>>> print(open('work-v1.txt').read())   # compact mmCIF, C-alpha atoms
# COMPACT_ATOMS: atom_id res chain seq x y z
CA MET A 1 147.85 151.37 122.68
CA GLN A 2 146.23 148.21 123.93
CA THR A 3 144.55 145.70 121.64
CA GLN A 4 141.23 144.06 122.45
CA GLU A 5 139.52 140.85 121.34
CA MET A 6 136.06 141.35 119.84
CA ALA A 7 133.47 139.12 118.27
CA LEU A 8 133.23 140.05 114.58
CA ILE A 9 130.12 140.28 112.44
CA THR A 10 130.57 141.12 108.76
CA ARG A 11 128.01 142.21 106.20
CA ASP A 12 128.11 143.96 102.83
CA ALA A 13 127.13 147.14 104.65
CA LEU A 14 128.77 149.90 106.64
CA LEU A 15 128.16 150.94 110.24
CA LEU A 16 129.97 153.95 111.70
CA PRO A 17 129.88 155.62 115.14
CA ASP A 18 126.38 156.84 116.09
CA GLY A 19 124.93 154.95 113.12
CA ARG A 20 122.36 152.19 113.38
CA ILE A 21 121.70 149.12 111.28
CA GLU A 22 119.22 146.26 111.54
CA ILE A 23 120.51 142.85 110.48
CA ARG A 24 118.97 139.40 110.34
CA MET A 25 120.79 136.54 112.06
CA VAL A 26 120.15 133.05 110.74
CA ASP A 27 123.42 131.14 111.11
CA PRO A 28 123.61 129.34 114.50
CA CYS A 29 127.24 130.42 115.00
CA TYR A 30 126.16 134.08 114.90
CA LEU A 31 123.32 133.39 117.31
CA HIS A 32 126.05 132.10 119.67
CA VAL A 33 128.03 135.30 119.03
CA VAL A 34 124.99 137.39 119.99
CA ALA A 35 124.57 135.31 123.16
CA ASP A 36 128.29 135.71 124.03
CA VAL A 37 128.10 139.47 123.48
CA LEU A 38 124.94 139.83 125.58
CA LYS A 39 126.59 137.77 128.36
CA GLY A 40 129.57 140.16 128.31
CA LYS A 41 132.11 137.62 127.01
CA TYR A 42 133.19 139.84 124.11
CA PRO A 43 132.57 143.34 122.81
CA LEU A 44 131.17 143.33 119.26
CA ALA A 45 132.77 144.69 116.08
CA PHE A 46 130.94 145.19 112.78
CA GLY A 47 133.02 145.12 109.58
CA MET A 48 132.33 145.48 105.88
CA PHE A 49 132.59 142.09 104.21
CA LYS A 50 135.58 141.58 101.92
CA ALA A 51 135.32 138.65 99.51
CA ASN A 52 138.22 136.21 99.86
CA GLY A 53 139.64 138.30 102.68
CA LEU A 54 141.45 136.99 105.74
CA PRO A 55 140.08 138.35 107.98
CA PRO A 56 136.76 138.40 106.12
CA CYS A 57 136.42 142.19 106.28
CA TYR A 58 138.20 145.43 105.52
CA PRO A 59 140.57 146.66 108.26
CA ASN A 60 138.35 149.56 109.37
CA ALA A 61 135.47 148.37 111.51
CA THR A 62 133.23 149.75 114.24
CA GLN A 63 132.75 148.55 117.78
CA CYS A 64 129.01 148.46 118.36
CA GLU A 65 126.31 147.53 120.82
CA ILE A 66 123.16 145.50 120.39
CA ILE A 67 120.41 147.98 121.27
CA ASP A 68 117.36 145.93 120.24
CA PHE A 69 116.40 142.51 118.96
CA ASN A 70 113.26 140.74 117.76
CA GLN A 71 112.34 137.23 116.74
CA LEU A 72 110.99 137.30 113.19
CA GLU A 73 108.10 135.23 111.82
CA ASP A 74 110.54 132.69 110.32
CA ASN A 75 112.14 132.25 113.79
CA SER A 76 115.32 134.07 112.75
CA LEU A 77 116.64 136.89 114.90
CA SER A 78 116.70 140.54 113.91
CA ILE A 79 119.15 142.74 115.85
CA VAL A 80 119.67 146.49 115.79
CA LEU A 81 123.28 147.57 116.20
CA GLU A 82 124.51 151.04 117.13
CA GLY A 83 128.05 152.05 116.21
CA LYS A 84 130.18 153.38 119.06
CA GLN A 85 133.91 153.46 118.29
CA ARG A 86 136.06 153.02 115.20
CA VAL A 87 138.54 150.15 115.45
CA LYS A 88 141.22 148.61 113.23
CA ILE A 89 141.09 144.86 112.68
CA LEU A 90 144.67 143.67 113.20
CA SER A 91 143.97 139.94 112.86
CA ALA A 92 141.13 137.47 113.23
CA ALA A 93 140.68 133.77 113.89
CA LYS A 94 137.76 131.57 113.01
CA ARG A 95 136.31 129.56 115.90
CA LYS A 96 135.33 125.92 115.46
CA ASP A 97 131.67 126.97 115.19
CA GLY A 98 132.48 129.31 112.27
CA ALA A 99 132.31 132.63 114.13
CA TRP A 100 135.21 135.10 113.95
CA ILE A 101 137.09 136.66 116.87
CA ALA A 102 139.18 139.70 115.94
CA ARG A 103 142.14 141.40 117.57
CA THR A 104 141.36 145.14 117.35
CA LEU A 105 142.97 148.48 118.06
CA ARG A 106 140.94 151.57 118.88
CA SER A 107 140.95 154.32 116.21
CA SER A 108 139.86 157.94 116.48
CA ASN A 109 136.26 158.85 115.80
CA TRP A 110 135.60 162.00 113.78
CA SER A 111 134.97 165.06 115.97
CA GLN A 112 131.61 166.77 115.96
CA GLU A 113 131.53 170.03 114.05
CA PRO A 114 128.75 172.29 112.79
CA ILE A 115 127.57 172.19 109.19
CA GLN A 116 128.04 175.59 107.61
CA GLY A 117 127.60 177.39 104.33
CA GLU A 118 126.97 175.38 101.18
CA PHE A 119 127.42 172.12 103.11
CA GLU A 120 123.97 172.66 104.61
CA LEU A 121 122.80 171.21 101.29
CA ILE A 122 124.09 167.73 102.24
CA SER A 123 122.20 167.95 105.52
CA ALA A 124 118.96 168.95 103.76
CA ALA A 125 119.47 166.15 101.22
CA LEU A 126 119.93 163.60 104.01
CA GLU A 127 116.72 164.82 105.64
CA GLN A 128 114.91 164.27 102.31
CA PHE A 129 116.53 160.84 101.96
CA TYR A 130 115.15 159.86 105.37
CA GLU A 131 111.68 161.12 104.40
CA VAL A 132 111.77 158.77 101.38
CA ASN A 133 113.26 155.93 103.49
CA PRO A 134 111.34 156.07 106.78
CA GLU A 135 112.52 152.58 107.81
CA LEU A 136 116.07 153.94 108.09
CA CYS A 137 115.00 157.10 109.85
CA GLY A 138 112.94 154.98 112.26
CA LEU A 139 116.12 153.40 113.62
CA TYR A 140 117.10 156.74 115.21
CA ALA A 141 115.65 158.42 118.28
CA ASN A 142 117.60 161.60 117.42
CA ILE A 143 118.82 162.85 114.07
CA HIS A 144 121.75 165.27 114.16
CA LEU A 145 121.45 167.19 110.90
CA GLU A 146 123.46 170.06 112.42
CA ASP A 147 126.59 167.91 112.91
CA ALA A 148 128.84 167.57 109.84
CA SER A 149 130.47 164.35 111.10
CA TRP A 150 127.13 162.69 111.85
CA VAL A 151 125.68 163.67 108.45
CA SER A 152 128.83 162.60 106.57
CA GLN A 153 128.91 159.20 108.25
CA ARG A 154 125.24 158.56 107.53
CA TRP A 155 125.88 159.36 103.85
CA LEU A 156 128.81 156.91 103.78
CA GLU A 157 126.52 154.23 105.22
CA VAL A 158 123.82 154.65 102.56
CA LEU A 159 125.61 155.72 99.37
CA PRO A 160 125.99 152.92 96.81
CA LEU A 161 129.79 153.02 96.59
CA TYR A 162 132.31 150.21 96.39
CA ASN A 163 133.43 149.16 99.87
CA LYS A 164 137.06 149.95 99.01
CA ASP A 165 136.04 153.52 98.10
CA LYS A 166 134.14 153.91 101.38
CA GLN A 167 137.28 152.73 103.17
CA VAL A 168 139.32 155.54 101.56
CA LEU A 169 136.86 158.16 102.83
CA MET A 170 136.65 156.51 106.27
CA ASN A 171 140.45 156.63 106.59
CA GLN A 172 140.48 160.42 106.55
CA PRO A 173 141.20 162.24 109.84
CA ASN A 174 137.88 164.13 109.65
CA CYS A 175 134.68 164.37 107.64
CA HIS A 176 135.82 167.10 105.20
CA LYS A 177 136.64 164.87 102.19
CA THR A 178 133.35 163.02 102.64
CA MET A 179 131.45 166.32 102.83
CA ASP A 180 133.18 167.54 99.63
CA PHE A 181 132.43 164.22 97.88
CA VAL A 182 128.73 164.22 98.84
CA LEU A 183 128.30 167.91 97.95
CA ASP A 184 129.90 167.36 94.52
CA LEU A 185 127.67 164.31 93.99
CA ILE A 186 124.51 166.25 94.86
CA LYS A 187 125.51 169.24 92.72
CA SER A 188 126.21 166.96 89.74
CA HIS A 189 122.59 165.72 89.85
CA VAL A 190 120.91 169.12 90.13
CA ASP A 191 119.45 170.46 86.89
>>> encode(input="work-v1.txt", output="structure tokens")
Amino acid sequence: MQTQEMALITRDALLLPDGRIEIRMVDPCYLHVVADVLKGKYPLAFGMFKANGLPPCYPNATQCEIIDFNQLEDNSLSIVLEGKQRVKILSAAKRKDGAWIARTLRSSNWSQEPIQGEFELISAALEQFYEVNPELCGLYANIHLEDASWVSQRWLEVLPLYNKDKQVLMNQPNCHKTMDFVLDLIKSHVD
């Protein structure tokens, strides 16, 4: 397999394939990263921040695209990222301006599969979650509540878990352990 250099943005958040996240860019070095990505100099990877880590994120990251951006009232930049492909961060180097460039290796995305049986509950719960959080739902043109992988990944993005625990679930070959985890979590909170 061939490695690829990517610009790296880290946040204390998770972005997975087909997911979307809106982030605010203030630091000038990251504004340069956005410019470099939009000019086609580098693809972009989004990783979960890891305190005192070198590189500054967990090894599982997601190649993403900038699908929208807006200048905010305070003159900072808001960008919307869409996850495309899972990647492994093999190494990273900090540029003189403070931005990170990572050496990555493509990983397998989870395959689409239908939600069936009792797992339909996690899909219905995600639909309710989006009704209560319309700003998150508003990031998506299409919501795929029928796809177990899509639903599982959206739950991983929004559940308040430790990043290291999210990494364990992300490292699975498919969405089944995440589906089991979310279903058990929902069942444990039903009276």
>>> closest_residue(input="work-v1.txt", among="A:Gln153, A:Gln116, A:Gln167, A:Asn142", to="Gly83 (chain A)", atoms="all atoms listed in the file")
A:Gln153
>>> closest_residue(input="work-v1.txt", among="A:Ala13, A:Leu183, A:Cys29, A:Val168", to="Lys94 (chain A)", atoms="only C-alpha atoms")
A:Cys29
>>> atom_distance(input="work-v1.txt", atom1="CA of Cys137 (chain A)", atom2="CA of Ser78 (chain A)")
17.1 Å
>>> closest_residue(input="work-v1.txt", among="A:Leu169, A:Asp68, A:Arg24, A:Pro55", to="Leu38 (chain A)", atoms="all atoms listed in the file")
A:Asp68
>>> closest_atom_pairs(input="work-v1.txt", of="region 9-53 of chain A", to="region 143-147 of chain A", cutoff="12 Å", atoms="all atoms listed in the file", output="Markdown table")
| residue | atom | partner | partner_atom | distance |
| --- | --- | --- | --- | --- |
| A:Asp18 | CA | A:His144 | CA | 9.8 |
| A:Gly19 | CA | A:Ile143 | CA | 10.0 |
| A:Arg20 | CA | A:Ile143 | CA | 11.3 |
>>> residues_around(input="work-v1.txt", residues="Met179 (chain A)", least_positions_apart="3", cutoff="10 Å", atoms="only C-alpha atoms", output="JSON list (two decimals) with C-alpha atoms, in the frame of the given file")
[["chain", "number", "residue", "atom", "x", "y", "z"],
["A", 115, "ILE", "CA", 127.57, 172.19, 109.19],
["A", 119, "PHE", "CA", 127.42, 172.12, 103.11],
["A", 120, "GLU", "CA", 123.97, 172.66, 104.61],
["A", 122, "ILE", "CA", 124.09, 167.73, 102.24],
["A", 123, "SER", "CA", 122.20, 167.95, 105.52],
["A", 148, "ALA", "CA", 128.84, 167.57, 109.84],
["A", 149, "SER", "CA", 130.47, 164.35, 111.10],
["A", 151, "VAL", "CA", 125.68, 163.67, 108.45],
["A", 152, "SER", "CA", 128.83, 162.60, 106.57],
["A", 153, "GLN", "CA", 128.91, 159.20, 108.25],
["A", 155, "TRP", "CA", 125.88, 159.36, 103.85],
["A", 156, "LEU", "CA", 128.81, 156.91, 103.78],
["A", 169, "LEU", "CA", 136.86, 158.16, 102.83],
["A", 174, "ASN", "CA", 137.88, 164.13, 109.65],
["A", 175, "CYS", "CA", 134.68, 164.37, 107.64],
["A", 176, "HIS", "CA", 135.82, 167.10, 105.20],
["A", 182, "VAL", "CA", 128.73, 164.22, 98.84],
["A", 183, "LEU", "CA", 128.30, 167.91, 97.95],
["A", 184, "ASP", "CA", 129.90, 167.36, 94.52],
["A", 185, "LEU", "CA", 127.67, 164.31, 93.99]]
>>> axis_aligned_box(input="work-v1.txt", around="region 18-36 of chain A", padding_each_side="4 Å", output="AutoDock Vina command-line options")
--center_x 123.6 --center_y 143.1 --center_z 117.2 --size_x 17.3 --size_y 35.5 --size_z 21.7
>>> closest_residue(input="work-v1.txt", among="A:Ala125, A:Glu82, A:His189, A:Arg103", to="Tyr140 (chain A)", atoms="all atoms listed in the file")
A:Glu82
>>> atom_distance(input="work-v1.txt", atom1="CA of Trp110 (chain A)", atom2="CA of Ile89 (chain A)")
18.0 Å
>>> atom_distance(input="work-v1.txt", atom1="CA of Gln71 (chain A)", atom2="CA of Leu136 (chain A)")
19.2 Å
>>> closest_residue(input="work-v1.txt", among="A:Ala45, A:Val33, A:Met170, A:Ile21", to="Gly138 (chain A)", atoms="only C-alpha atoms")
A:Ile21
>>> build_atoms(input="work-v1.txt", residues="region 106-121 of chain A", atoms="N, CA, C and O atoms", output="PDB file, in the frame of the given file")
ATOM      1  N   ARG A 106     141.826 150.403 118.930  1.00  0.00           N
ATOM      2  CA  ARG A 106     140.940 151.570 118.880  1.00  0.00           C
ATOM      3  C   ARG A 106     141.499 152.632 117.923  1.00  0.00           C
ATOM      4  O   ARG A 106     142.687 152.898 117.901  1.00  0.00           O
ATOM      5  N   SER A 107     140.613 153.224 117.116  1.00  0.00           N
ATOM      6  CA  SER A 107     140.950 154.320 116.210  1.00  0.00           C
ATOM      7  C   SER A 107     140.165 155.560 116.645  1.00  0.00           C
ATOM      8  O   SER A 107     139.205 155.457 117.399  1.00  0.00           O
ATOM      9  N   SER A 108     140.546 156.696 116.119  1.00  0.00           N
ATOM     10  CA  SER A 108     139.860 157.940 116.480  1.00  0.00           C
ATOM     11  C   SER A 108     138.552 158.090 115.724  1.00  0.00           C
ATOM     12  O   SER A 108     138.506 157.875 114.505  1.00  0.00           O
ATOM     13  N   ASN A 109     137.507 158.468 116.439  1.00  0.00           N
ATOM     14  CA  ASN A 109     136.260 158.850 115.800  1.00  0.00           C
ATOM     15  C   ASN A 109     136.412 160.272 115.264  1.00  0.00           C
ATOM     16  O   ASN A 109     137.237 161.045 115.755  1.00  0.00           O
ATOM     17  N   TRP A 110     135.598 160.632 114.265  1.00  0.00           N
ATOM     18  CA  TRP A 110     135.600 162.000 113.780  1.00  0.00           C
ATOM     19  C   TRP A 110     134.970 162.900 114.839  1.00  0.00           C
ATOM     20  O   TRP A 110     133.977 162.523 115.487  1.00  0.00           O
ATOM     21  N   SER A 111     135.502 164.093 115.005  1.00  0.00           N
ATOM     22  CA  SER A 111     134.970 165.060 115.970  1.00  0.00           C
ATOM     23  C   SER A 111     133.708 165.704 115.423  1.00  0.00           C
ATOM     24  O   SER A 111     133.569 165.917 114.220  1.00  0.00           O
ATOM     25  N   GLN A 112     132.818 166.035 116.347  1.00  0.00           N
ATOM     26  CA  GLN A 112     131.610 166.770 115.960  1.00  0.00           C
ATOM     27  C   GLN A 112     132.020 168.163 115.498  1.00  0.00           C
ATOM     28  O   GLN A 112     132.946 168.759 116.043  1.00  0.00           O
ATOM     29  N   GLU A 113     131.325 168.663 114.483  1.00  0.00           N
ATOM     30  CA  GLU A 113     131.530 170.030 114.050  1.00  0.00           C
ATOM     31  C   GLU A 113     130.265 170.508 113.332  1.00  0.00           C
ATOM     32  O   GLU A 113     129.550 169.705 112.733  1.00  0.00           O
ATOM     33  N   PRO A 114     129.983 171.794 113.400  1.00  0.00           N
ATOM     34  CA  PRO A 114     128.750 172.290 112.790  1.00  0.00           C
ATOM     35  C   PRO A 114     128.820 172.281 111.265  1.00  0.00           C
ATOM     36  O   PRO A 114     129.891 172.456 110.686  1.00  0.00           O
ATOM     37  N   ILE A 115     127.665 172.069 110.645  1.00  0.00           N
ATOM     38  CA  ILE A 115     127.570 172.190 109.190  1.00  0.00           C
ATOM     39  C   ILE A 115     127.348 173.664 108.876  1.00  0.00           C
ATOM     40  O   ILE A 115     126.488 174.297 109.481  1.00  0.00           O
ATOM     41  N   GLN A 116     128.140 174.170 107.943  1.00  0.00           N
ATOM     42  CA  GLN A 116     128.040 175.590 107.610  1.00  0.00           C
ATOM     43  C   GLN A 116     128.055 175.799 106.112  1.00  0.00           C
ATOM     44  O   GLN A 116     128.543 174.957 105.354  1.00  0.00           O
ATOM     45  N   GLY A 117     127.536 176.951 105.713  1.00  0.00           N
ATOM     46  CA  GLY A 117     127.600 177.390 104.330  1.00  0.00           C
ATOM     47  C   GLY A 117     126.922 176.422 103.371  1.00  0.00           C
ATOM     48  O   GLY A 117     125.864 175.865 103.664  1.00  0.00           O
ATOM     49  N   GLU A 118     127.582 176.205 102.216  1.00  0.00           N
ATOM     50  CA  GLU A 118     126.970 175.380 101.180  1.00  0.00           C
ATOM     51  C   GLU A 118     126.821 173.916 101.600  1.00  0.00           C
ATOM     52  O   GLU A 118     126.044 173.175 101.005  1.00  0.00           O
ATOM     53  N   PHE A 119     127.525 173.504 102.654  1.00  0.00           N
ATOM     54  CA  PHE A 119     127.420 172.120 103.110  1.00  0.00           C
ATOM     55  C   PHE A 119     126.080 171.825 103.788  1.00  0.00           C
ATOM     56  O   PHE A 119     125.735 170.667 104.012  1.00  0.00           O
ATOM     57  N   GLU A 120     125.316 172.877 104.088  1.00  0.00           N
ATOM     58  CA  GLU A 120     123.970 172.660 104.610  1.00  0.00           C
ATOM     59  C   GLU A 120     123.114 171.890 103.614  1.00  0.00           C
ATOM     60  O   GLU A 120     122.142 171.240 103.988  1.00  0.00           O
ATOM     61  N   LEU A 121     123.505 171.955 102.332  1.00  0.00           N
ATOM     62  CA  LEU A 121     122.800 171.210 101.290  1.00  0.00           C
ATOM     63  C   LEU A 121     122.860 169.707 101.533  1.00  0.00           C
ATOM     64  O   LEU A 121     121.874 168.994 101.322  1.00  0.00           O
TER      65      LEU A 121
END
